[in-house]
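> The structure is given below, and queries will be raised subsequently.
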Amino acid sequence: MVRSDLHVHSRYSNDATQWLMQHIGTQESYTGVDDVYTLAKNRGMDFVTITDHDSITGALKLQQQHPADTFVSVESTAYFPEDGCKIHLLIYDLTERQFHEIQRIRSDIYDLRAYVHDEHLAHSVGHATYSINGKLAYESLEKLILLFNVFEGINGSRHSSYNTIWRQVLMHLTPDDIERLYRKHRIEPCSDTPWIKGVTGGTDDHAGLFIGQTFTVADCETLPEFLQCLKNKQTRSDGRTADFKSIAFAFYKVACDFSRHSPKTRQSKGLLGQMNRVIFENKRPNIRTRLAMKFMKRRRNEKLKIVTRAVDELVADFLHNGELSIDEKIDKVYDSMAVMTDDFLTLILESIKNDFRKGDIPGVVTNFSAILPAIFLSAPFFSTLRYMSRERKLSTRLKTEFLHNQPGTKTRTLCFSDSGGKFSDDVLHTLHYLMADPDVPRRAMTIVGASDSVRQPSGPFATLNLPNIYTYTPEFSHVYTMRVASVLKSLELIDKEDPDEILILTPGPIGLLGIMAAKLLGIRAIGLYHTDYSEQARKVLNSELWISPAESYIRWFYSFFAEIYVPTREYFMQLGDRGINTSKIKIVDDDAQPSLFSYSEPYPLLFGET
């Protein structure tokens, strides 16, 4: 058995194709050819190749230096001429003559397919479900299935769920599927058994961090045998997949390499540059940096102290633990960023609480706007989470079209609640109604909250308890305690759940987190409106002062939902009067009467679910 990482980039991938790299002006990669070979061999790869974008310069250098166990490859950029959809085709063991011909014809994917077929070149379609230039359609994937024999089963830079869905589609293709696709597109299939596909694995590494951790496996011994296994569809994929944390870390590494190589930057001498040396080179910060950090600790600015403390603790942790694996480094950096963000939020929420007690509406608004810098600290992780979710719609349709008869298929719903599983009859009735919705196949519902002790709710519900960072019990309520969850740590847990949709029961902090998660994951958010919050504000606070802000907030909050469920027609009318589009409001029970304030004491505005 042999292994090879069949998707690796070097510094000769000059033109950035990733959106974030294009934004900051970096190359695709700064990894040296020698580094690619050394890392791959150290991690157990029997054969090594480089697949730079439309370039074989690095691959040729690799083969010249290590002719016995390497081969020349390329990641060729091709296009569907009918719509300009861009596709990356990995082509292996090619000559310079073949490369130049590929460069000449690659603008038309049909011509490229014909050439690869005629030349008997080993190949694999890279990250097929990822839309490189925003033009990938479901029909494009159908055409690719007809055009090519081999696809990446695991791309190390894509989310595990998308890799899994695509791999399952390839594994479960039938002759009837191929016949159906041929009648639709009139493209001749690529072999006598086009429903049988080969799969490969590769890291798609740009930063020199993960080389050799995703790979292709074949039951053979020599390099010629391995290449023949690729052509015969006799390989399999194995190894790690990515999450949004590792992708953010890889982008950060490329940005650091860009800074170090660019003559226009002086980052290597500053605090950020010293942090890079600690994280990526395990080197202690210089004396100038250590003195600067000590000076910042003495400043009275609380926000600056939060940043300095987080950096100081991260540096100490890295240096104390010595050599850390890449995954350990990613986790430590992410945890440090999460704590720093949480500390910012806690500081601001304390100010908001004090303004709320005094009835200072402008102060509340001002402090809410102060949350933005704290959110900005988390922006790289938000961006990569959203970036990785671009494949979701296509993957969902693939699952529907090709895997609908596979056992275990369910719609995974995360239900965001402030109550820790304590629901009124109205809410429970609506949840059970949703579980039985004939338009959605078999919902599997998990209740998400940040309670110190989540109660197991009635019915077939699992629970997910998010880490709580802030607690506030208003003086005028002994029933409800508001809890705010850690943003970054919660997003990590939510992403691992891999939900298909998010249901939100509360317009409080947990509900806001649910909306953020739905937006970042690219999934639909549905809401449940079961309380007249304006009326609650009037009764609980005994003041008209908060009515207008409450109305504005509720109108803004419920505008995010694709569907809104209400228990009665009266609630339907309330939302319609507040300017919500009534076409997306669904009444659970037309004959029921509203049951405001199910408990002896109503929950205050934004907090409760009964």
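Ordered as shown in the structure tokens, chains take letters A, B, and onward, while each chain numbers its residues from 1 and ligands are numbered from 1 in the order shown.
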Env of A:Phe249: 9 Å cut, atoms = only C-alpha atoms, seq-sep filter 3 positions within chain, self excluded. Answer as a count of residues only.
11
> Please provide the set of residues having any atom within 6 Å of A:Leu147, restricted to only C-alpha atoms, with same-chain residues fewer than 3 positions apart removed, written as a list in words.
Leu144, Pro189 and Cys190 of chain A
> Counting only C-alpha atoms, what is within 8 Å of A:Met435, bar same-chain residues fewer than 4 positions away, as a PDB file with C-alpha atoms, in the first residue's frame?

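Final file, selection29.pdb:
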```pdb
ATOM      1  CA  LEU A 431     -42.378  22.438  18.152  1.00  0.00           C
ATOM      2  CA  ARG A 442     -37.944  13.818   9.432  1.00  0.00           C
ATOM      3  CA  ARG A 443     -36.685  16.712  11.508  1.00  0.00           C
ATOM      4  CA  ALA A 444     -34.085  15.868  14.156  1.00  0.00           C
ATOM      5  CA  MET A 445     -34.350  18.768  16.613  1.00  0.00           C
TER       6      MET A 445
END
```
> From a DSSP calculation on the backbone, collect every residue of stretch 96-200 of chain A in strand (DSSP E) and output the set as a ChimeraX atom specification.
/A:122-125,150-155,198-200
> I want to know what sits within 10 Å of A:Met45, based on only C-alpha atoms, with residues of the same chain fewer than 2 positions away left out; could you give that as a PyMOL selection string?
chain A and resi 2-5+37-43+47-48+69+211-217
> List as CSV every residue of stretch 435-531 of chain A that is in contact with stretch 579-589 of chain A, defined as an atom at most 10 Å from one of its atoms (using only C-alpha atoms), together with the nearest atom pair and the distance in Å rounded to one decimal, sorted by chain and then rising number.

```
residue,atom,partner,partner_atom,distance
A:Ile526,CA,A:Lys584,CA,9.6
A:Gly527,CA,A:Ile585,CA,9.3
A:Leu528,CA,A:Ile585,CA,9.5
A:Tyr529,CA,A:Ile585,CA,9.5
```
> How would the residues just chosen look if you wrote them out with N, CA and C atoms as a compact mmCIF listing (two decimals), in the first residue's frame?

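The file below, out12.txt, is the result:
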```txt
# COMPACT_ATOMS: atom_id res chain seq x y z
N ILE A 526 -35.66 30.04 10.63
CA ILE A 526 -37.10 30.17 10.81
C ILE A 526 -37.34 30.60 12.25
N GLY A 527 -38.41 31.33 12.47
CA GLY A 527 -38.66 31.90 13.78
C GLY A 527 -40.01 31.50 14.33
N LEU A 528 -40.12 31.63 15.64
CA LEU A 528 -41.39 31.40 16.33
C LEU A 528 -41.73 32.66 17.11
N TYR A 529 -42.88 33.26 16.80
CA TYR A 529 -43.35 34.46 17.51
C TYR A 529 -44.53 34.03 18.37
```
> Using only C-alpha atoms, find the one residue out of A:Thr203, A:Thr129, A:Asn155, A:Ser259 that sits nearest to A:His9.
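Looking at the shortest contact to A:His9, the residue is A:Thr203.
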